[in-house]
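Next comes entry-v9.txt, a file with compact mmCIF, N, CA and C atoms.
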```txt
# COMPACT_ATOMS: atom_id res chain seq x y z
N MET A 1 165.77 -163.04 34.84
CA MET A 1 167.07 -162.56 34.41
C MET A 1 168.16 -163.12 35.31
N SER A 2 169.23 -163.55 34.68
CA SER A 2 170.33 -164.11 35.45
C SER A 2 171.36 -163.01 35.74
N VAL A 3 172.22 -163.31 36.70
CA VAL A 3 173.31 -162.39 37.00
C VAL A 3 174.33 -162.52 35.87
N GLY A 4 174.87 -161.42 35.43
CA GLY A 4 175.83 -161.45 34.34
C GLY A 4 175.25 -160.84 33.09
N LEU A 5 175.73 -161.33 31.96
CA LEU A 5 175.31 -160.78 30.68
C LEU A 5 175.15 -161.91 29.68
N HIS A 6 174.01 -161.91 29.01
CA HIS A 6 173.74 -162.88 27.94
C HIS A 6 173.65 -162.09 26.64
N VAL A 7 174.31 -162.58 25.58
CA VAL A 7 174.32 -161.89 24.30
C VAL A 7 173.86 -162.85 23.20
N GLU A 8 172.86 -162.43 22.45
CA GLU A 8 172.40 -163.19 21.28
C GLU A 8 172.61 -162.33 20.05
N LEU A 9 173.05 -162.97 18.96
CA LEU A 9 173.27 -162.25 17.71
C LEU A 9 172.13 -162.53 16.74
N GLU A 10 171.76 -161.50 16.00
CA GLU A 10 170.76 -161.63 14.95
C GLU A 10 171.21 -160.73 13.80
N GLU A 11 171.05 -161.20 12.56
CA GLU A 11 171.43 -160.39 11.42
C GLU A 11 170.20 -160.01 10.62
N ILE A 12 170.08 -158.73 10.33
CA ILE A 12 169.00 -158.20 9.50
C ILE A 12 169.63 -157.25 8.49
N ASP A 13 169.50 -157.56 7.21
CA ASP A 13 170.04 -156.70 6.14
C ASP A 13 171.50 -156.34 6.35
N ARG A 14 172.34 -157.33 6.62
CA ARG A 14 173.78 -157.16 6.85
C ARG A 14 174.10 -156.31 8.09
N LYS A 15 173.11 -156.04 8.90
CA LYS A 15 173.33 -155.34 10.17
C LYS A 15 173.24 -156.39 11.28
N ILE A 16 174.18 -156.31 12.22
CA ILE A 16 174.20 -157.27 13.32
C ILE A 16 173.57 -156.64 14.55
N ILE A 17 172.54 -157.30 15.06
CA ILE A 17 171.92 -156.87 16.31
C ILE A 17 172.45 -157.76 17.42
N LEU A 18 172.99 -157.14 18.45
CA LEU A 18 173.41 -157.88 19.64
C LEU A 18 172.35 -157.63 20.70
N ARG A 19 171.58 -158.67 20.98
CA ARG A 19 170.51 -158.57 21.98
C ARG A 19 171.12 -158.90 23.35
N LEU A 20 171.15 -157.88 24.19
CA LEU A 20 171.81 -157.99 25.49
C LEU A 20 170.79 -158.20 26.60
N ASP A 21 171.16 -159.02 27.56
CA ASP A 21 170.29 -159.26 28.71
C ASP A 21 171.15 -159.35 29.96
N GLY A 22 170.93 -158.42 30.89
CA GLY A 22 171.67 -158.46 32.15
C GLY A 22 172.29 -157.13 32.50
N ARG A 23 173.50 -157.22 33.01
CA ARG A 23 174.24 -156.04 33.47
C ARG A 23 175.47 -155.84 32.59
N LEU A 24 175.79 -154.59 32.33
CA LEU A 24 177.02 -154.28 31.61
C LEU A 24 177.93 -153.57 32.61
N ASP A 25 178.78 -154.39 33.26
CA ASP A 25 179.66 -153.87 34.31
C ASP A 25 181.07 -154.43 34.12
N ALA A 26 181.94 -154.18 35.09
CA ALA A 26 183.34 -154.60 34.96
C ALA A 26 183.48 -156.11 34.77
N ALA A 27 182.59 -156.88 35.38
CA ALA A 27 182.68 -158.34 35.27
C ALA A 27 182.18 -158.85 33.92
N THR A 28 181.20 -158.18 33.32
CA THR A 28 180.58 -158.68 32.10
C THR A 28 181.06 -157.99 30.83
N THR A 29 181.67 -156.83 30.96
CA THR A 29 182.12 -156.08 29.79
C THR A 29 183.04 -156.89 28.87
N PRO A 30 183.98 -157.70 29.41
CA PRO A 30 184.85 -158.47 28.51
C PRO A 30 184.09 -159.43 27.59
N VAL A 31 182.96 -159.94 28.04
CA VAL A 31 182.15 -160.84 27.21
C VAL A 31 181.68 -160.10 25.96
N LEU A 32 181.12 -158.92 26.14
CA LEU A 32 180.63 -158.13 25.02
C LEU A 32 181.79 -157.62 24.17
N GLU A 33 182.87 -157.23 24.81
CA GLU A 33 184.03 -156.71 24.08
C GLU A 33 184.58 -157.77 23.12
N ARG A 34 184.69 -159.02 23.57
CA ARG A 34 185.18 -160.10 22.71
C ARG A 34 184.25 -160.29 21.50
N LYS A 35 182.94 -160.26 21.75
CA LYS A 35 181.98 -160.43 20.65
C LYS A 35 182.12 -159.29 19.64
N ILE A 36 182.17 -158.06 20.13
CA ILE A 36 182.28 -156.90 19.25
C ILE A 36 183.59 -156.95 18.47
N ASP A 37 184.70 -157.24 19.16
CA ASP A 37 186.01 -157.30 18.49
C ASP A 37 186.04 -158.38 17.41
N SER A 38 185.43 -159.53 17.67
CA SER A 38 185.42 -160.60 16.66
C SER A 38 184.56 -160.20 15.47
N LEU A 39 183.45 -159.50 15.71
CA LEU A 39 182.62 -159.02 14.60
C LEU A 39 183.37 -158.00 13.75
N ILE A 40 184.07 -157.09 14.42
CA ILE A 40 184.85 -156.08 13.69
C ILE A 40 185.95 -156.77 12.87
N ALA A 41 186.59 -157.78 13.43
CA ALA A 41 187.63 -158.53 12.71
C ALA A 41 187.06 -159.21 11.46
N GLU A 42 185.77 -159.55 11.49
CA GLU A 42 185.10 -160.17 10.35
C GLU A 42 184.50 -159.12 9.40
N ASN A 43 184.89 -157.86 9.62
CA ASN A 43 184.37 -156.73 8.83
C ASN A 43 182.85 -156.59 8.93
N ARG A 44 182.31 -156.94 10.07
CA ARG A 44 180.89 -156.69 10.36
C ARG A 44 180.86 -155.36 11.08
N ASN A 45 180.68 -154.28 10.34
CA ASN A 45 180.90 -152.94 10.87
C ASN A 45 179.64 -152.13 11.10
N HIS A 46 178.48 -152.76 11.04
CA HIS A 46 177.22 -152.07 11.33
C HIS A 46 176.57 -152.84 12.48
N LEU A 47 176.87 -152.41 13.71
CA LEU A 47 176.41 -153.12 14.90
C LEU A 47 175.35 -152.33 15.65
N LEU A 48 174.31 -153.03 16.06
CA LEU A 48 173.23 -152.44 16.83
C LEU A 48 173.15 -153.17 18.17
N LEU A 49 173.14 -152.43 19.25
CA LEU A 49 173.03 -153.01 20.58
C LEU A 49 171.63 -152.80 21.12
N ASP A 50 170.96 -153.90 21.42
CA ASP A 50 169.61 -153.86 21.99
C ASP A 50 169.74 -153.80 23.51
N PHE A 51 169.42 -152.64 24.07
CA PHE A 51 169.55 -152.40 25.51
C PHE A 51 168.23 -152.63 26.26
N LEU A 52 167.23 -153.22 25.62
CA LEU A 52 165.92 -153.39 26.26
C LEU A 52 166.03 -154.09 27.61
N HIS A 53 166.91 -155.10 27.71
CA HIS A 53 167.02 -155.88 28.95
C HIS A 53 168.32 -155.60 29.71
N ILE A 54 168.92 -154.43 29.47
CA ILE A 54 170.08 -154.02 30.26
C ILE A 54 169.56 -153.18 31.42
N ASP A 55 169.79 -153.66 32.63
CA ASP A 55 169.27 -152.93 33.79
C ASP A 55 170.34 -152.17 34.56
N TYR A 56 171.61 -152.32 34.13
CA TYR A 56 172.69 -151.61 34.82
C TYR A 56 173.83 -151.39 33.85
N LEU A 57 174.38 -150.18 33.85
CA LEU A 57 175.52 -149.83 33.00
C LEU A 57 176.55 -149.13 33.87
N SER A 58 177.73 -149.73 33.98
CA SER A 58 178.79 -149.15 34.81
C SER A 58 179.73 -148.33 33.93
N SER A 59 180.71 -147.69 34.57
CA SER A 59 181.70 -146.91 33.81
C SER A 59 182.50 -147.83 32.88
N ALA A 60 182.74 -149.07 33.29
CA ALA A 60 183.45 -150.02 32.42
C ALA A 60 182.62 -150.29 31.16
N GLY A 61 181.33 -150.42 31.32
CA GLY A 61 180.44 -150.63 30.18
C GLY A 61 180.43 -149.43 29.26
N MET A 62 180.43 -148.23 29.85
CA MET A 62 180.44 -147.02 29.03
C MET A 62 181.76 -146.88 28.27
N ARG A 63 182.87 -147.24 28.91
CA ARG A 63 184.17 -147.19 28.22
C ARG A 63 184.17 -148.14 27.03
N LEU A 64 183.57 -149.32 27.20
CA LEU A 64 183.48 -150.28 26.10
C LEU A 64 182.67 -149.69 24.94
N LEU A 65 181.53 -149.07 25.24
CA LEU A 65 180.70 -148.48 24.20
C LEU A 65 181.47 -147.42 23.42
N LEU A 66 182.19 -146.58 24.14
CA LEU A 66 182.97 -145.52 23.51
C LEU A 66 184.08 -146.11 22.65
N SER A 67 184.79 -147.10 23.18
CA SER A 67 185.87 -147.75 22.45
C SER A 67 185.36 -148.44 21.19
N ALA A 68 184.25 -149.16 21.32
CA ALA A 68 183.67 -149.87 20.17
C ALA A 68 183.22 -148.88 19.10
N ALA A 69 182.60 -147.78 19.52
CA ALA A 69 182.15 -146.76 18.57
C ALA A 69 183.34 -146.18 17.80
N LYS A 70 184.45 -145.94 18.50
CA LYS A 70 185.65 -145.40 17.86
C LYS A 70 186.25 -146.41 16.88
N LYS A 71 186.34 -147.69 17.29
CA LYS A 71 186.89 -148.72 16.41
C LYS A 71 186.06 -148.84 15.14
N LEU A 72 184.74 -148.81 15.30
CA LEU A 72 183.85 -148.95 14.14
C LEU A 72 183.94 -147.72 13.23
N LYS A 73 184.01 -146.56 13.83
CA LYS A 73 184.11 -145.33 13.03
C LYS A 73 185.38 -145.35 12.18
N ALA A 74 186.48 -145.86 12.77
CA ALA A 74 187.75 -145.94 12.04
C ALA A 74 187.64 -146.87 10.84
N LYS A 75 186.71 -147.83 10.89
CA LYS A 75 186.51 -148.77 9.78
C LYS A 75 185.30 -148.38 8.93
N LYS A 76 184.88 -147.12 9.06
CA LYS A 76 183.71 -146.61 8.34
C LYS A 76 182.43 -147.36 8.73
N GLY A 77 182.41 -147.81 9.97
CA GLY A 77 181.25 -148.52 10.49
C GLY A 77 180.50 -147.65 11.47
N VAL A 78 179.54 -148.29 12.16
CA VAL A 78 178.70 -147.54 13.08
C VAL A 78 178.24 -148.45 14.22
N LEU A 79 178.16 -147.87 15.41
CA LEU A 79 177.61 -148.55 16.59
C LEU A 79 176.34 -147.78 16.98
N LEU A 80 175.21 -148.48 16.95
CA LEU A 80 173.94 -147.87 17.30
C LEU A 80 173.39 -148.58 18.53
N ILE A 81 172.75 -147.83 19.40
CA ILE A 81 172.16 -148.38 20.62
C ILE A 81 170.68 -148.04 20.61
N PHE A 82 169.85 -149.00 21.00
CA PHE A 82 168.41 -148.71 21.02
C PHE A 82 167.71 -149.36 22.20
N SER A 83 166.51 -148.88 22.47
CA SER A 83 165.66 -149.37 23.57
C SER A 83 166.33 -149.27 24.93
N VAL A 84 166.86 -148.10 25.23
CA VAL A 84 167.55 -147.85 26.49
C VAL A 84 166.53 -147.45 27.55
N SER A 85 166.59 -148.09 28.72
CA SER A 85 165.67 -147.75 29.81
C SER A 85 165.98 -146.36 30.36
N GLU A 86 165.01 -145.79 31.07
CA GLU A 86 165.21 -144.46 31.66
C GLU A 86 166.39 -144.44 32.62
N ASP A 87 166.51 -145.49 33.45
CA ASP A 87 167.60 -145.55 34.44
C ASP A 87 168.96 -145.58 33.76
N VAL A 88 169.10 -146.41 32.74
CA VAL A 88 170.38 -146.52 32.03
C VAL A 88 170.65 -145.24 31.24
N MET A 89 169.61 -144.66 30.65
CA MET A 89 169.79 -143.40 29.91
C MET A 89 170.27 -142.29 30.83
N GLU A 90 169.78 -142.30 32.05
CA GLU A 90 170.21 -141.29 33.03
C GLU A 90 171.72 -141.41 33.29
N ILE A 91 172.22 -142.63 33.38
CA ILE A 91 173.65 -142.87 33.59
C ILE A 91 174.43 -142.35 32.38
N ILE A 92 173.94 -142.64 31.19
CA ILE A 92 174.59 -142.20 29.95
C ILE A 92 174.63 -140.66 29.90
N LYS A 93 173.51 -140.03 30.27
CA LYS A 93 173.44 -138.57 30.23
C LYS A 93 174.34 -137.93 31.29
N LEU A 94 174.45 -138.55 32.47
CA LEU A 94 175.33 -138.01 33.51
C LEU A 94 176.77 -137.93 33.02
N ALA A 95 177.16 -138.89 32.19
CA ALA A 95 178.52 -138.91 31.65
C ALA A 95 178.65 -138.04 30.40
N GLY A 96 177.53 -137.54 29.89
CA GLY A 96 177.56 -136.73 28.67
C GLY A 96 177.72 -137.57 27.41
N PHE A 97 177.53 -138.89 27.54
CA PHE A 97 177.75 -139.79 26.40
C PHE A 97 176.61 -139.77 25.40
N GLU A 98 175.48 -139.16 25.73
CA GLU A 98 174.38 -139.10 24.77
C GLU A 98 174.76 -138.23 23.57
N ARG A 99 175.78 -137.39 23.75
CA ARG A 99 176.25 -136.54 22.65
C ARG A 99 177.28 -137.27 21.79
N ILE A 100 177.82 -138.38 22.30
CA ILE A 100 178.87 -139.13 21.60
C ILE A 100 178.30 -140.39 20.94
N LEU A 101 177.45 -141.09 21.69
CA LEU A 101 176.87 -142.34 21.20
C LEU A 101 175.62 -142.07 20.37
N GLN A 102 175.34 -142.95 19.44
CA GLN A 102 174.14 -142.82 18.63
C GLN A 102 173.07 -143.72 19.24
N ILE A 103 172.07 -143.08 19.86
CA ILE A 103 171.04 -143.79 20.62
C ILE A 103 169.68 -143.56 19.98
N PHE A 104 168.93 -144.64 19.81
CA PHE A 104 167.62 -144.59 19.16
C PHE A 104 166.55 -145.13 20.10
N GLU A 105 165.34 -144.62 19.92
CA GLU A 105 164.21 -145.06 20.74
C GLU A 105 163.89 -146.54 20.52
N SER A 106 163.87 -146.95 19.23
CA SER A 106 163.39 -148.29 18.91
C SER A 106 164.33 -149.01 17.96
N GLU A 107 164.12 -150.32 17.87
CA GLU A 107 164.89 -151.15 16.94
C GLU A 107 164.66 -150.68 15.50
N GLN A 108 163.41 -150.37 15.17
CA GLN A 108 163.10 -149.92 13.81
C GLN A 108 163.85 -148.64 13.46
N ASP A 109 163.89 -147.69 14.39
CA ASP A 109 164.63 -146.45 14.15
C ASP A 109 166.10 -146.73 13.88
N ALA A 110 166.69 -147.62 14.66
CA ALA A 110 168.10 -147.96 14.50
C ALA A 110 168.34 -148.70 13.18
N LEU A 111 167.44 -149.61 12.82
CA LEU A 111 167.59 -150.36 11.57
C LEU A 111 167.48 -149.45 10.34
N HIS A 112 166.69 -148.39 10.44
CA HIS A 112 166.51 -147.49 9.31
C HIS A 112 167.54 -146.38 9.22
N TYR A 113 168.43 -146.32 10.20
CA TYR A 113 169.47 -145.28 10.19
C TYR A 113 170.47 -145.56 9.06
N THR A 114 170.77 -144.52 8.31
CA THR A 114 171.80 -144.62 7.26
C THR A 114 172.93 -143.68 7.62
N PRO A 115 174.12 -144.24 7.82
CA PRO A 115 175.25 -143.37 8.19
C PRO A 115 175.59 -142.41 7.05
N PRO A 116 176.02 -141.19 7.38
CA PRO A 116 176.42 -140.25 6.34
C PRO A 116 177.65 -140.77 5.60
N GLU A 117 177.73 -140.48 4.35
CA GLU A 117 178.87 -140.93 3.52
C GLU A 117 180.12 -140.17 3.89
```

Translate this file's structure into structure tokens.
Amino acid sequence: MSVGLHVELEEIDRKIILRLDGRLDAATTPVLERKIDSLIAENRNHLLLDFLHIDYLSSAGMRLLLSAAKKLKAKKGVLLIFSVSEDVMEIIKLAGFERILQIFESEQDALHYTPPE
């Protein structure tokens, strides 16, 4: 794993999976924010974030997740997060964000989620 953040996009059934690798902190958050904002601008409003290889999440990263979830909700979209490590989940829970963000155990669970009408 390199220092920073690497993002790969994959599309499955009109859902965009962003496969993340690295750290989500103040230095790397703008990289992900630009990708998410450009997808939203293209009306790609069903985004899934693969956290399998995220080993650190800072407050800047959490603010981005919250902001992206709000932007997507306003466009009748959804931000789903899956495969979160115990360490990162602990950070999310300390902030109380597990009640705000939609977090799934696995990629399959996230792919099968249907947002309420």

Check your understanding: How many Å separate atom C of Asp50 in chain A from CA of Asp21 in chain A?
Key -> 7.6 Å

**Study point:** Among the residues A:Leu49, A:Glu33, A:Gln102, A:Leu65, the one that comes closest to Leu9 in chain A [using only C-alpha atoms]
**Key:**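 Closest residue, counting only C-alpha atoms: A:Leu49.
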
Review point. What does the distance from CA of Gly4 in chain A to CA of Met62 in chain A come to in Å, to one decimal?
Key: 16.1 Å

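Using only N, CA and C atoms, the nearest neighbour of Leu47 in chain A within the list A:Ile81, A:Ala27, A:Ala60, A:Ile103 is A:Ile81.
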
Practice item. Would you return as an MDAnalysis selection string the members of range 11-53 of chain A that DSSP assigns to strand (DSSP E or B) on this structure's backbone? Key: chainID A and resid 11:12 15:24 46:53

With N, CA and C atoms retained, write the just-selected residues as an mmCIF file, keeping the file's coordinate frame.
```cif
data_model
loop_
_atom_site.group_PDB
_atom_site.id
_atom_site.type_symbol
_atom_site.label_atom_id
_atom_site.label_comp_id
_atom_site.auth_asym_id
_atom_site.auth_seq_id
_atom_site.Cartn_x
_atom_site.Cartn_y
_atom_site.Cartn_z
ATOM 1 N N GLU A 11 171.050 -161.200 12.560
ATOM 2 C CA GLU A 11 171.430 -160.390 11.420
ATOM 3 C C GLU A 11 170.200 -160.010 10.620
ATOM 4 N N ILE A 12 170.080 -158.730 10.330
ATOM 5 C CA ILE A 12 169.000 -158.200 9.500
ATOM 6 C C ILE A 12 169.630 -157.250 8.490
ATOM 7 N N LYS A 15 173.110 -156.040 8.900
ATOM 8 C CA LYS A 15 173.330 -155.340 10.170
ATOM 9 C C LYS A 15 173.240 -156.390 11.280
ATOM 10 N N ILE A 16 174.180 -156.310 12.220
ATOM 11 C CA ILE A 16 174.200 -157.270 13.320
ATOM 12 C C ILE A 16 173.570 -156.640 14.550
ATOM 13 N N ILE A 17 172.540 -157.300 15.060
ATOM 14 C CA ILE A 17 171.920 -156.870 16.310
ATOM 15 C C ILE A 17 172.450 -157.760 17.420
ATOM 16 N N LEU A 18 172.990 -157.140 18.450
ATOM 17 C CA LEU A 18 173.410 -157.880 19.640
ATOM 18 C C LEU A 18 172.350 -157.630 20.700
ATOM 19 N N ARG A 19 171.580 -158.670 20.980
ATOM 20 C CA ARG A 19 170.510 -158.570 21.980
ATOM 21 C C ARG A 19 171.120 -158.900 23.350
ATOM 22 N N LEU A 20 171.150 -157.880 24.190
ATOM 23 C CA LEU A 20 171.810 -157.990 25.490
ATOM 24 C C LEU A 20 170.790 -158.200 26.600
ATOM 25 N N ASP A 21 171.160 -159.020 27.560
ATOM 26 C CA ASP A 21 170.290 -159.260 28.710
ATOM 27 C C ASP A 21 171.150 -159.350 29.960
ATOM 28 N N GLY A 22 170.930 -158.420 30.890
ATOM 29 C CA GLY A 22 171.670 -158.460 32.150
ATOM 30 C C GLY A 22 172.290 -157.130 32.500
ATOM 31 N N ARG A 23 173.500 -157.220 33.010
ATOM 32 C CA ARG A 23 174.240 -156.040 33.470
ATOM 33 C C ARG A 23 175.470 -155.840 32.590
ATOM 34 N N LEU A 24 175.790 -154.590 32.330
ATOM 35 C CA LEU A 24 177.020 -154.280 31.610
ATOM 36 C C LEU A 24 177.930 -153.570 32.610
ATOM 37 N N HIS A 46 178.480 -152.760 11.040
ATOM 38 C CA HIS A 46 177.220 -152.070 11.330
ATOM 39 C C HIS A 46 176.570 -152.840 12.480
ATOM 40 N N LEU A 47 176.870 -152.410 13.710
ATOM 41 C CA LEU A 47 176.410 -153.120 14.900
ATOM 42 C C LEU A 47 175.350 -152.330 15.650
ATOM 43 N N LEU A 48 174.310 -153.030 16.060
ATOM 44 C CA LEU A 48 173.230 -152.440 16.830
ATOM 45 C C LEU A 48 173.150 -153.170 18.170
ATOM 46 N N LEU A 49 173.140 -152.430 19.250
ATOM 47 C CA LEU A 49 173.030 -153.010 20.580
ATOM 48 C C LEU A 49 171.630 -152.800 21.120
ATOM 49 N N ASP A 50 170.960 -153.900 21.420
ATOM 50 C CA ASP A 50 169.610 -153.860 21.990
ATOM 51 C C ASP A 50 169.740 -153.800 23.510
ATOM 52 N N PHE A 51 169.420 -152.640 24.070
ATOM 53 C CA PHE A 51 169.550 -152.400 25.510
ATOM 54 C C PHE A 51 168.230 -152.630 26.260
ATOM 55 N N LEU A 52 167.230 -153.220 25.620
ATOM 56 C CA LEU A 52 165.920 -153.390 26.260
ATOM 57 C C LEU A 52 166.030 -154.090 27.610
ATOM 58 N N HIS A 53 166.910 -155.100 27.710
ATOM 59 C CA HIS A 53 167.020 -155.880 28.950
ATOM 60 C C HIS A 53 168.320 -155.600 29.710
#
```

Practice item. Have a look at A:Val78, A:Leu5, A:Met89, A:Leu66 and name the one nearest to Arg44 in chain A; count all atoms listed in the file. Key: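 Using all atoms listed in the file, the shortest distance to Arg44 in chain A belongs to A:Val78.
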
Exercise for review: In the coordinate frame of the file, compute which residues have an atom within 9 Å of (163.0, -150.2, 18.4) when using only C-alpha atoms, and state them as a PyMOL selection string.
Suggested key: chain A and resi 50+52+82-83+104-111

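One distance worth recording is that between atom N of His46 in chain A and CA of Leu72 in chain A, which is 7.3 Å.
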
Exercise for review: For each of A:Glu117, A:Leu48, A:Lys93, A:Leu64, take the minimum atom-to-atom distance to Leu79 in chain A, counting only N, CA and C atoms, then give the residue where this is smallest.
Suggested key: A:Leu48

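Distances to Phe51 in chain A were evaluated for A:Ala68, A:Ile12, A:Val84, A:Leu101 using only N, CA and C atoms, and the minimum falls at A:Val84.
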
Practice item. Point out the residue among A:Leu39, A:Asp55, A:Asn45, A:Lys73 with the least atom-to-atom distance to Asp87 in chain A, counting only N, CA and C atoms. Key: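 Using only N, CA and C atoms, Asp87 in chain A sits closest to A:Asp55.
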
Exercise for review: Write down as an NGL selection string the residues of range 20-74 of chain A whose backbone DSSP state falls under helix (DSSP H, G or I).
Suggested key: :A and (29-41 or 59-74)

Point to revise | Distance query 7 Å from (177.2, -160.6, 22.1) using only N, CA and C atoms, result as a PyMOL selection string | key: chain A and resi 6-9+18-20+31-32+35-36
